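Here is target.txt, consisting of compact mmCIF, C-alpha atoms:
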```
# COMPACT_ATOMS: atom_id res chain seq x y z
CA MET A 1 75.25 65.13 102.81
CA ALA A 2 78.77 63.91 101.86
CA THR A 3 77.52 62.89 98.38
CA SER A 4 76.15 66.40 97.82
CA PHE A 5 79.51 67.99 98.73
CA LEU A 6 81.35 65.47 96.57
CA ILE A 7 79.13 66.03 93.53
CA GLY A 8 79.45 69.82 93.97
CA GLY A 9 83.26 69.51 94.08
CA CYS A 10 83.43 67.09 91.13
CA GLY A 11 81.06 69.38 89.21
CA PHE A 12 83.50 72.23 89.72
CA LEU A 13 86.43 70.12 88.45
CA ALA A 14 84.39 69.20 85.36
CA TYR A 15 83.56 72.90 84.88
CA PHE A 16 87.24 73.87 85.07
CA GLY A 17 88.17 71.26 82.46
CA ILE A 18 85.32 72.32 80.15
CA VAL A 19 86.32 76.02 80.37
CA VAL A 20 89.96 75.23 79.51
CA MET A 21 88.79 73.26 76.44
CA LEU A 22 86.09 75.72 75.33
CA LEU A 23 88.49 78.69 75.51
CA ARG A 24 90.60 76.98 72.85
CA TRP A 25 87.65 75.96 70.66
CA LEU A 26 85.40 79.02 70.86
CA ARG A 27 87.90 81.74 69.95
CA GLN A 28 85.15 83.93 68.44
CA LEU A 29 83.36 84.28 71.80
CA ALA A 30 84.55 86.60 74.58
CA PRO A 31 86.44 84.50 77.20
CA ALA A 32 84.34 86.03 80.02
CA VAL A 33 81.13 84.86 78.28
CA VAL A 34 82.59 81.34 77.90
CA ALA A 35 83.63 81.15 81.58
CA VAL A 36 80.30 82.41 82.99
CA GLY A 37 78.15 80.53 80.45
CA ALA A 38 79.94 77.24 81.15
CA ALA A 39 79.37 77.63 84.93
CA VAL A 40 75.62 78.01 84.43
CA ALA A 41 75.52 75.14 81.91
CA VAL A 42 77.50 72.73 84.12
CA TYR A 43 75.36 73.55 87.20
CA GLY A 44 72.19 73.03 85.15
CA SER A 45 73.56 69.71 83.87
CA ILE A 46 74.31 68.48 87.42
CA LEU A 47 70.73 69.21 88.51
CA THR A 48 69.29 67.63 85.36
CA LEU A 49 71.41 64.46 85.68
CA ALA A 50 70.46 64.12 89.36
CA MET A 51 66.78 64.29 88.38
CA LEU A 52 67.20 61.86 85.44
CA PHE A 53 69.03 59.24 87.52
CA ASP A 54 66.96 59.97 90.63
CA ILE A 55 70.00 60.62 92.83
CA ARG A 56 68.94 61.94 96.25
CA LEU A 57 70.92 65.15 96.91
CA MET A 58 70.81 68.01 99.40
CA PHE A 59 70.30 71.16 97.34
CA TRP A 60 72.10 73.72 99.55
CA PRO A 61 75.35 71.79 100.23
CA LEU A 62 75.56 70.88 96.52
CA SER A 63 74.86 74.43 95.29
CA ALA A 64 77.07 76.13 97.92
CA THR A 65 80.04 73.87 97.11
CA PHE A 66 79.76 74.24 93.35
CA TRP A 67 79.09 77.98 93.28
CA PHE A 68 81.62 78.92 95.95
CA LEU A 69 84.41 77.15 94.03
CA ALA A 70 83.13 78.47 90.68
CA ILE A 71 82.96 82.07 91.93
CA CYS A 72 86.48 81.85 93.43
CA TYR A 73 87.68 80.57 90.06
CA LEU A 74 85.80 83.29 88.15
CA MET A 75 87.45 85.94 90.37
CA LEU A 76 90.85 84.48 89.54
CA PHE A 77 89.91 84.23 85.87
CA GLY A 78 88.76 87.88 85.79
CA ALA A 79 92.04 89.02 87.32
CA MET A 80 94.02 86.86 84.91
CA TYR A 81 92.09 88.07 81.87
CA LYS A 82 91.71 91.79 82.56
CA SER A 83 94.07 92.89 85.36
CA VAL A 84 96.35 95.75 84.28
CA SER A 85 98.64 95.15 87.30
CA LEU A 86 99.19 91.44 86.52
CA ARG A 87 99.84 92.27 82.89
CA ILE A 88 102.53 94.77 83.93
CA LEU A 89 104.16 92.02 86.05
CA CYS A 90 104.06 89.57 83.14
CA ASP A 91 105.59 92.14 80.77
CA LEU A 92 108.40 92.84 83.23
CA LEU A 93 109.16 89.11 83.42
CA GLU A 94 110.02 89.11 79.73
CA ARG A 95 112.29 92.19 79.82
CA PRO A 96 116.08 91.92 80.16
CA GLY A 97 116.92 92.01 83.87
CA ARG A 98 113.12 91.94 84.59
CA CYS A 99 113.32 95.72 84.61
CA GLU A 100 111.93 98.53 82.44
CA ARG A 101 111.44 102.29 82.47
CA GLN A 102 108.03 103.51 83.69
CA SER A 103 107.66 105.69 80.62
CA ALA A 104 108.25 102.69 78.32
CA ILE A 105 105.52 100.63 80.07
CA LEU A 106 103.15 103.60 79.88
CA ALA A 107 103.82 104.18 76.18
CA ARG A 108 103.81 100.54 75.03
CA TYR A 109 101.12 98.99 77.17
CA ILE A 110 98.87 101.58 78.89
CA GLU A 111 98.70 104.18 76.09
CA ASN A 112 98.71 101.78 73.15
CA GLU A 113 97.83 98.11 73.65
CA SER A 114 95.55 98.29 76.69
CA PHE A 115 93.83 101.52 75.63
CA ALA A 116 93.35 100.24 72.07
CA ASN A 117 91.87 96.97 73.44
CA ARG A 118 89.32 98.89 75.52
CA ILE A 119 88.31 101.06 72.56
CA ALA A 120 87.96 97.90 70.44
CA VAL A 121 85.71 96.35 73.14
CA LEU A 122 83.53 99.51 73.18
CA LEU A 123 83.13 99.40 69.40
CA ALA A 124 82.66 95.61 69.14
CA SER A 125 79.99 95.64 71.87
CA SER A 126 78.11 98.42 70.03
CA TRP A 127 78.46 100.67 73.09
CA GLY A 128 80.51 103.17 71.07
CA ILE A 129 80.68 104.23 67.43
CA GLU A 130 83.31 106.03 65.36
CA ARG A 131 81.99 109.34 64.01
CA GLN A 132 83.55 112.60 62.76
CA GLY A 133 87.09 111.40 63.47
CA GLY A 134 86.23 110.55 67.05
CA ILE A 135 84.25 108.12 69.20
CA GLU A 136 80.86 108.65 70.80
CA LEU A 137 78.51 106.41 72.73
CA THR A 138 75.57 104.74 71.02
CA ASP A 139 72.12 104.91 72.65
CA LYS A 140 72.83 101.50 74.24
CA GLY A 141 76.19 102.78 75.54
CA ARG A 142 74.58 105.96 76.92
CA LYS A 143 71.95 103.93 78.78
CA ILE A 144 74.63 101.71 80.34
CA ALA A 145 76.79 104.75 81.25
CA ALA A 146 73.75 106.50 82.78
CA VAL A 147 72.89 103.44 84.92
CA VAL A 148 76.53 103.02 86.01
CA GLY A 149 76.74 106.76 86.82
CA TRP A 150 73.54 106.54 88.88
CA VAL A 151 74.78 103.50 90.86
CA GLN A 152 78.13 105.25 91.44
CA ARG A 153 76.32 108.32 92.80
CA GLN A 154 74.17 106.19 95.15
CA PHE A 155 77.29 104.51 96.52
CA ARG A 156 79.35 107.75 96.53
CA ILE A 157 81.96 106.41 94.12
CA GLU A 158 83.44 109.59 92.71
CA ARG A 159 85.32 108.15 89.75
CA SER A 160 86.21 104.83 88.16
CA GLY A 161 89.32 103.66 86.37
CA MET B 1 59.48 62.09 94.92
CA PRO B 2 61.82 64.99 93.93
CA PRO B 3 65.54 64.09 94.15
CA PHE B 4 66.48 67.29 95.99
CA ASP B 5 66.15 68.01 99.68
CA PHE B 6 65.66 71.78 99.94
CA THR B 7 65.75 71.88 103.76
CA ALA B 8 67.71 74.97 104.78
CA SER B 9 69.41 75.21 108.18
CA GLY B 10 69.44 78.39 110.29
CA ALA B 11 73.01 79.15 109.13
CA VAL B 12 71.96 78.87 105.46
CA VAL B 13 68.87 81.08 105.89
CA ALA B 14 70.97 83.63 107.82
CA ALA B 15 73.62 83.60 105.03
CA LEU B 16 70.97 84.21 102.35
CA ALA B 17 69.35 87.00 104.38
CA VAL B 18 72.68 88.76 105.05
CA ALA B 19 73.68 88.39 101.38
CA ILE B 20 70.42 90.07 100.29
CA MET B 21 70.92 92.83 102.89
CA PHE B 22 74.56 93.51 101.94
CA PRO B 23 73.89 96.39 99.46
CA ALA B 24 71.98 98.18 102.25
CA ILE B 25 74.93 97.70 104.64
CA LEU B 26 77.31 99.09 101.99
CA PHE B 27 74.87 101.93 101.25
CA ALA B 28 75.02 102.95 104.94
CA ALA B 29 78.81 102.47 105.16
CA VAL B 30 79.62 104.85 102.30
CA ARG B 31 77.75 107.58 104.19
CA GLN B 32 80.18 107.45 107.13
CA ARG B 33 82.36 110.55 106.91
CA SER B 34 85.41 108.91 108.50
CA ILE B 35 85.80 106.49 105.55
CA SER B 36 84.50 108.81 102.81
CA GLY B 37 86.10 108.20 99.39
CA ARG B 38 88.02 105.10 100.56
CA ASN B 39 86.26 102.49 98.43
CA ALA B 40 88.33 99.46 99.44
CA LEU B 41 88.00 100.21 103.15
CA GLN B 42 84.25 100.84 102.80
CA PHE B 43 83.82 97.39 101.28
CA LEU B 44 86.09 95.69 103.81
CA LEU B 45 84.23 97.18 106.81
CA SER B 46 80.83 96.38 105.28
CA ALA B 47 81.87 92.77 104.61
CA THR B 48 83.23 92.42 108.17
CA PHE B 49 79.96 93.77 109.58
CA ALA B 50 77.94 91.40 107.34
CA ILE B 51 79.99 88.39 108.50
CA ALA B 52 79.50 89.44 112.15
CA CYS B 53 75.73 89.68 111.55
CA TRP B 54 75.75 86.21 109.97
CA VAL B 55 77.71 84.65 112.87
CA THR B 56 75.31 86.24 115.39
CA ALA B 57 72.19 85.15 113.49
CA SER B 58 73.54 81.63 112.87
CA SER B 59 74.37 81.18 116.57
CA TYR B 60 70.86 82.30 117.50
CA PHE B 61 68.83 80.43 114.84
CA GLY B 62 71.15 77.63 113.75
CA GLY B 63 72.59 76.32 117.01
CA PRO B 64 76.20 76.11 118.24
CA PHE B 65 79.02 75.67 115.76
CA LEU B 66 80.37 72.41 117.21
CA ASP B 67 77.01 70.64 116.90
CA HIS B 68 76.10 72.02 113.46
CA TRP B 69 79.46 72.72 111.84
CA ILE B 70 78.45 71.32 108.43
CA ASP B 71 75.52 73.76 108.26
CA TRP B 72 77.92 76.56 109.20
CA VAL B 73 80.31 75.54 106.41
CA VAL B 74 77.46 75.57 103.85
CA GLY B 75 76.30 78.99 105.13
CA ALA B 76 79.87 80.34 105.03
CA MET B 77 80.29 79.19 101.42
CA LEU B 78 76.99 80.83 100.39
CA LEU B 79 77.82 84.12 102.11
CA GLY B 80 81.44 84.00 100.89
CA GLY B 81 80.29 83.45 97.31
CA ALA B 82 77.80 86.32 97.51
CA LEU B 83 80.42 88.67 98.98
CA LEU B 84 82.84 87.77 96.17
CA ILE B 85 80.18 88.66 93.58
CA TYR B 86 79.58 92.00 95.33
CA LEU B 87 83.35 92.58 95.47
CA GLU B 88 83.62 92.01 91.72
CA ILE B 89 80.81 94.51 91.04
CA TRP B 90 82.34 97.00 93.52
CA ALA B 91 85.78 96.66 91.89
CA LEU B 92 84.23 97.17 88.46
CA LEU B 93 82.40 100.32 89.60
CA SER B 94 85.40 101.84 91.35
CA ARG B 95 88.29 100.57 89.18
CA GLY B 96 86.75 99.58 85.82
CA TYR B 97 88.97 100.86 83.00
CA THR B 98 86.42 100.38 80.18
CA LEU B 99 83.60 101.81 82.33
CA GLY B 100 85.85 104.81 83.08
CA LEU B 101 86.24 105.40 79.33
CA MET B 102 82.46 105.08 78.82
CA LEU B 103 81.74 107.63 81.56
CA THR B 104 84.29 110.03 80.05
CA LEU B 105 82.56 109.68 76.64
CA HIS B 106 79.14 110.08 78.30
CA LYS B 107 80.16 113.39 79.86
CA ALA B 108 81.59 114.67 76.54
CA ARG B 109 78.23 114.35 74.69
CA SER B 110 79.96 114.75 71.29
CA PRO B 111 82.52 112.63 69.38
CA VAL B 112 85.89 112.60 71.15
CA SER B 113 89.18 111.76 69.44
CA THR B 114 91.20 108.93 71.01
CA ALA B 115 93.93 111.44 71.96
CA ASP B 116 91.40 113.67 73.76
CA LEU B 117 89.79 110.61 75.37
CA ALA B 118 93.17 109.52 76.74
CA ARG B 119 93.85 113.08 78.00
CA SER B 120 90.43 113.58 79.63
CA TYR B 121 90.27 110.09 81.18
CA ARG B 122 89.20 110.06 84.85
CA GLY B 123 88.16 113.71 85.00
CA GLY B 124 91.31 115.00 83.27
CA PHE B 125 93.95 112.89 85.04
CA GLY B 126 94.74 111.08 81.77
CA LEU B 127 96.01 107.54 81.19
CA ASP B 128 99.14 108.27 83.24
CA TRP B 129 96.85 108.02 86.29
CA ILE B 130 96.27 104.30 85.61
CA MET B 131 100.02 103.70 85.48
CA GLN B 132 100.61 105.54 88.76
CA HIS B 133 97.59 103.90 90.47
CA ARG B 134 98.51 100.33 89.49
CA LEU B 135 102.20 100.93 90.14
CA SER B 136 101.50 102.24 93.65
CA GLY B 137 99.50 99.04 94.34
CA LEU B 138 102.35 96.85 93.06
CA LEU B 139 104.88 98.81 95.15
CA ALA B 140 102.70 98.56 98.27
CA THR B 141 102.43 94.77 97.87
CA ARG B 142 106.22 94.58 97.21
CA MET B 143 105.80 92.90 93.84
CA VAL B 144 107.98 95.55 92.15
CA ARG B 145 110.57 98.05 93.26
CA LEU B 146 111.33 101.47 91.85
CA ASP B 147 114.85 102.68 91.11
CA GLY B 148 114.57 106.16 89.63
CA ASP B 149 112.41 105.74 86.50
CA ASN B 150 113.10 101.98 86.37
CA VAL B 151 110.53 99.44 87.57
CA SER B 152 111.77 95.92 88.32
CA LEU B 153 110.21 92.71 89.64
CA THR B 154 111.13 91.71 93.19
CA ARG B 155 112.84 88.31 93.33
CA TYR B 156 110.80 86.62 96.07
CA LEU B 157 107.31 87.98 95.34
CA GLY B 158 107.11 89.67 91.93
CA VAL B 159 108.88 86.94 89.94
CA PRO B 160 106.89 83.97 91.41
CA VAL B 161 103.54 85.80 90.97
CA ALA B 162 104.40 86.75 87.37
CA CYS B 163 105.48 83.14 86.64
CA ILE B 164 102.24 81.70 88.10
CA TYR B 165 100.25 84.25 86.08
CA LYS B 166 102.07 83.27 82.89
CA ILE B 167 101.47 79.53 83.53
CA LEU B 168 97.73 80.18 84.15
CA ILE B 169 97.49 82.11 80.86
CA GLN B 170 99.12 79.19 79.02
CA ILE B 171 96.80 76.63 80.69
CA HIS B 172 93.78 78.66 79.57
CA GLY B 173 95.20 79.37 76.11
CA LEU B 174 94.40 83.07 76.38
CA ARG B 175 95.92 85.11 73.56
CA ARG B 176 95.29 88.59 74.88
CA THR B 177 95.14 89.72 78.50
CA GLY B 178 95.05 92.97 80.49
```
Written as structure tokens, that's how I'd like the structure from this file.
Amino acid sequence: MATSFLIGGCGFLAYFGIVVMLLRWLRQLAPAVVAVGAAVAVYGSILTLAMLFDIRLMFWPLSATFWFLAICYLMLFGAMYKSVSLRILCDLLERPGRCERQSAILARYIENESFANRIAVLLASSWGIERQGGIELTDKGRKIAAVVGWVQRQFRIERSG
Amino acid sequence: MPPFDFTASGAVVAALAVAIMFPAILFAAVRQRSISGRNALQFLLSATFAIACWVTASSYFGGPFLDHWIDWVVGAMLLGGALLIYLEIWALLSRGYTLGLMLTLHKARSPVSTADLARSYRGGFGLDWIMQHRLSGLLATRMVRLDGDNVSLTRYLGVPVACIYKILIQIHGLRRTG
């Protein structure tokens, strides 16, 4: 039992190290894809190595330890990578007196950088396309939006954003 | 002989069952009028109910905590992990910025200029809504304070959190965030 917990914990540490390295090497891939893909790959490697070296392990303690730590880390990673609130805090840290006007944050970050990033993601993922001086969803984008809209209606989520 | 022992304790089986049932619990919770429209509270109450169900089921099928505490720890990690995944999906559905833009474009049904998209975001509230929404969260958690139109980091909470965030970005070598 203790070996299974230990291997799950060590597996997570290896995963963390691999993500930090891969994020620097695989700049062309989306960081979220790298982080999630590496978790699956490391978990698969642990199971494969255990089978190859015939190490007797308890599946549930091993899996629970690895995935609980990995999911906690992925939550933190998601917040770090995409949180608007944390980005506002970080921007304020670099301003003189750690202070700025609301309107300046709105104009510089929300209306320009963050908004432009989201539009770029829509276009790069082929969910949206530029047409007639504007943007519209592709068929793939419409399907995703329709599914998301349906799930939101089932769970009475009125709006997102 | 396979190297893995797949034996699952009562606490583990209960955790898996509750994790599978969680969308149904949430589905019922959002239909309670008293918490209608309060997405964070709906999730919190559903998660609390799910944990209570797991504790009850584990006590019944898995034995007392003191005798089987390792099984309880494994079950808690499984259920905790599942709830975190559901929380991420819930946050994306209720707070997702990019998804919000997609839904605005979906409703438009014809090409929309970026200026119109910004104006019509979140049913016509515009991008200013994001600023006000995130700022109200930061004010409520005392990470920032407001002095007229000026927003500033609080010394004992805002500055340390922003510093930790900056260090984590550097460790991960992320170029673009937010």
Go through chain B and flag each residue having an atom no more than 6 Å from chain A; for those, report the closest pair of atoms plus their distance in Å to one decimal, using all atoms listed in the file, ordered by chain and rising number, as a tab-separated table.
```
residue	atom	partner	partner_atom	distance
B:Pro3	CA	A:Arg56	CA	4.5
B:Phe4	CA	A:Leu57	CA	5.0
B:Asp5	CA	A:Met58	CA	4.7
B:Phe6	CA	A:Phe59	CA	5.4
B:Phe27	CA	A:Phe155	CA	5.9
B:Val74	CA	A:Pro61	CA	5.6
B:Met77	CA	A:Phe68	CA	5.6
B:Leu78	CA	A:Ala64	CA	5.3
B:Gly81	CA	A:Phe68	CA	4.9
B:Ser94	CA	A:Ser160	CA	4.4
B:Arg95	CA	A:Gly161	CA	4.3
B:Gly96	CA	A:Gly161	CA	4.9
B:Tyr97	CA	A:Gly161	CA	4.4
B:Thr98	CA	A:Arg118	CA	5.7
B:Gly100	CA	A:Gly161	CA	4.9
B:Leu103	CA	A:Ala145	CA	5.7
B:Pro111	CA	A:Glu136	CA	4.5
B:Val112	CA	A:Gly134	CA	4.6
B:Ser113	CA	A:Gly134	CA	4.0
B:Arg134	CA	A:Ser85	CA	5.6
B:Asp149	CA	A:Arg101	CA	5.4
B:Asn150	CA	A:Arg101	CA	4.2
B:Val151	CA	A:Glu100	CA	5.4
B:Ser152	CA	A:Cys99	CA	4.0
B:Leu153	CA	A:Arg98	CA	5.9
B:Ala162	CA	A:Cys90	CA	5.1
B:His172	CA	A:Val20	CA	5.1
B:Thr177	CA	A:Tyr81	CA	4.8
B:Gly178	CA	A:Lys82	CA	4.1
```
The selected residues should be written to file as an mmCIF file, in the coordinates of the input (atoms: C-alpha atoms).
```cif
data_model
loop_
_atom_site.group_PDB
_atom_site.id
_atom_site.type_symbol
_atom_site.label_atom_id
_atom_site.label_comp_id
_atom_site.auth_asym_id
_atom_site.auth_seq_id
_atom_site.Cartn_x
_atom_site.Cartn_y
_atom_site.Cartn_z
ATOM 1 C CA PRO B 3 65.540 64.090 94.150
ATOM 2 C CA PHE B 4 66.480 67.290 95.990
ATOM 3 C CA ASP B 5 66.150 68.010 99.680
ATOM 4 C CA PHE B 6 65.660 71.780 99.940
ATOM 5 C CA PHE B 27 74.870 101.930 101.250
ATOM 6 C CA VAL B 74 77.460 75.570 103.850
ATOM 7 C CA MET B 77 80.290 79.190 101.420
ATOM 8 C CA LEU B 78 76.990 80.830 100.390
ATOM 9 C CA GLY B 81 80.290 83.450 97.310
ATOM 10 C CA SER B 94 85.400 101.840 91.350
ATOM 11 C CA ARG B 95 88.290 100.570 89.180
ATOM 12 C CA GLY B 96 86.750 99.580 85.820
ATOM 13 C CA TYR B 97 88.970 100.860 83.000
ATOM 14 C CA THR B 98 86.420 100.380 80.180
ATOM 15 C CA GLY B 100 85.850 104.810 83.080
ATOM 16 C CA LEU B 103 81.740 107.630 81.560
ATOM 17 C CA PRO B 111 82.520 112.630 69.380
ATOM 18 C CA VAL B 112 85.890 112.600 71.150
ATOM 19 C CA SER B 113 89.180 111.760 69.440
ATOM 20 C CA ARG B 134 98.510 100.330 89.490
ATOM 21 C CA ASP B 149 112.410 105.740 86.500
ATOM 22 C CA ASN B 150 113.100 101.980 86.370
ATOM 23 C CA VAL B 151 110.530 99.440 87.570
ATOM 24 C CA SER B 152 111.770 95.920 88.320
ATOM 25 C CA LEU B 153 110.210 92.710 89.640
ATOM 26 C CA ALA B 162 104.400 86.750 87.370
ATOM 27 C CA HIS B 172 93.780 78.660 79.570
ATOM 28 C CA THR B 177 95.140 89.720 78.500
ATOM 29 C CA GLY B 178 95.050 92.970 80.490
#
```
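Considering the residues A:Gly11, A:Val34, A:Val40, A:Leu29 and counting all atoms listed in the file, A:Ala124 has its shortest atom-to-atom contact with A:Leu29.
Shell of B:Gln42 at 12 Å, with all atoms listed in the file counted and residues fewer than 3 places along the chain excluded, is Phe155, Arg156 and Ile157 of chain A; Pro23, Ile25, Leu26, Phe27, Ala28, Ala29, Val30, Arg31, Gln32, Arg33, Ser34, Ile35, Ser36, Gly37, Arg38, Asn39, Leu45, Ser46, Ala47, Thr48, Phe49, Leu87, Trp90, Ala91 and Ser94 of chain B.
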Restrict the selected residues to C-alpha atoms and save them as a short mmCIF file (atom, residue, chain, number, x, y, z; two decimals), keeping the file's coordinate frame.
```
data_model
loop_
_atom_site.label_atom_id
_atom_site.label_comp_id
_atom_site.auth_asym_id
_atom_site.auth_seq_id
_atom_site.Cartn_x
_atom_site.Cartn_y
_atom_site.Cartn_z
CA PHE A 155 77.29 104.51 96.52
CA ARG A 156 79.35 107.75 96.53
CA ILE A 157 81.96 106.41 94.12
CA PRO B 23 73.89 96.39 99.46
CA ILE B 25 74.93 97.70 104.64
CA LEU B 26 77.31 99.09 101.99
CA PHE B 27 74.87 101.93 101.25
CA ALA B 28 75.02 102.95 104.94
CA ALA B 29 78.81 102.47 105.16
CA VAL B 30 79.62 104.85 102.30
CA ARG B 31 77.75 107.58 104.19
CA GLN B 32 80.18 107.45 107.13
CA ARG B 33 82.36 110.55 106.91
CA SER B 34 85.41 108.91 108.50
CA ILE B 35 85.80 106.49 105.55
CA SER B 36 84.50 108.81 102.81
CA GLY B 37 86.10 108.20 99.39
CA ARG B 38 88.02 105.10 100.56
CA ASN B 39 86.26 102.49 98.43
CA LEU B 45 84.23 97.18 106.81
CA SER B 46 80.83 96.38 105.28
CA ALA B 47 81.87 92.77 104.61
CA THR B 48 83.23 92.42 108.17
CA PHE B 49 79.96 93.77 109.58
CA LEU B 87 83.35 92.58 95.47
CA TRP B 90 82.34 97.00 93.52
CA ALA B 91 85.78 96.66 91.89
CA SER B 94 85.40 101.84 91.35
#
```
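Across the structure, atom CA of B:Phe65 and atom CA of A:Ile7 are spaced 24.2 Å apart.
When only C-alpha atoms are used to compute distances to B:Leu79, the closest of the residues B:Leu168, B:Ala15, B:Leu139, B:Leu105 turns out to be B:Ala15.
Counting from atom CA of B:Thr141, the distance to atom CA of B:Thr104 is 29.7 Å.
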Taking every listed atom of stretch 163-169 of chain B and adding 3 Å to each side, what centre and edge lengths in Å (one decimal) does the axis-aligned box have, as AutoDock Vina command-line options?
```
--center_x 101.5 --center_y 81.9 --center_z 84.5 --size_x 14.0 --size_y 10.7 --size_z 13.2
```
Can you pull out every residue within 12 Å of B:Ala14, counting all atoms listed in the file, but drop anything in the same chain fewer than 5 positions away, and send it as a list in words?
Ala8, Ser9, Ala19, Ile20, Met21, Ala50, Ile51, Ala52, Cys53, Trp54, Val55, Thr56, Ala57, Ser58, Ser59, Tyr60, Phe61, Gly62, Gly63, Asp71, Trp72, Val74, Gly75, Ala76, Leu78 and Leu79 of chain B
Could you work out how far atom CA of A:Cys10 lies from atom CA of B:Gln170, giving the answer in Å with one decimal?
23.2 Å
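Counting only C-alpha atoms, the residue from A:Ala14, A:Tyr73, A:Gln28, A:Ser126 that sits nearest to A:Ala41 is A:Ala14.
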Please reconstruct the missing atoms of stretch 43-57 of chain B (target: N, CA and C atoms) and return them as a compact mmCIF listing (two decimals), in the frame of the given file.
```
# COMPACT_ATOMS: atom_id res chain seq x y z
N PHE B 43 84.28 98.76 101.56
CA PHE B 43 83.82 97.39 101.28
C PHE B 43 84.28 96.44 102.37
N LEU B 44 85.53 96.59 102.79
CA LEU B 44 86.09 95.69 103.81
C LEU B 44 85.28 95.78 105.12
N LEU B 45 84.98 97.01 105.55
CA LEU B 45 84.23 97.18 106.81
C LEU B 45 82.81 96.64 106.66
N SER B 46 82.19 96.88 105.50
CA SER B 46 80.83 96.38 105.28
C SER B 46 80.81 94.86 105.30
N ALA B 47 81.80 94.23 104.65
CA ALA B 47 81.87 92.77 104.61
C ALA B 47 82.10 92.21 106.01
N THR B 48 82.96 92.87 106.79
CA THR B 48 83.23 92.42 108.17
C THR B 48 81.96 92.50 109.00
N PHE B 49 81.22 93.60 108.85
CA PHE B 49 79.96 93.77 109.58
C PHE B 49 78.95 92.69 109.16
N ALA B 50 78.89 92.42 107.85
CA ALA B 50 77.94 91.40 107.34
C ALA B 50 78.28 90.03 107.91
N ILE B 51 79.57 89.70 107.96
CA ILE B 51 79.99 88.39 108.50
C ILE B 51 79.63 88.31 109.99
N ALA B 52 79.84 89.42 110.72
CA ALA B 52 79.50 89.44 112.15
C ALA B 52 78.00 89.23 112.34
N CYS B 53 77.19 89.86 111.48
CA CYS B 53 75.73 89.68 111.55
C CYS B 53 75.36 88.22 111.31
N TRP B 54 76.04 87.61 110.31
CA TRP B 54 75.75 86.21 109.97
C TRP B 54 76.11 85.28 111.13
N VAL B 55 77.27 85.49 111.75
CA VAL B 55 77.71 84.65 112.87
C VAL B 55 76.70 84.76 114.02
N THR B 56 76.27 86.01 114.30
CA THR B 56 75.31 86.24 115.39
C THR B 56 73.99 85.53 115.09
N ALA B 57 73.49 85.74 113.87
CA ALA B 57 72.19 85.15 113.49
C ALA B 57 72.27 83.63 113.45
```
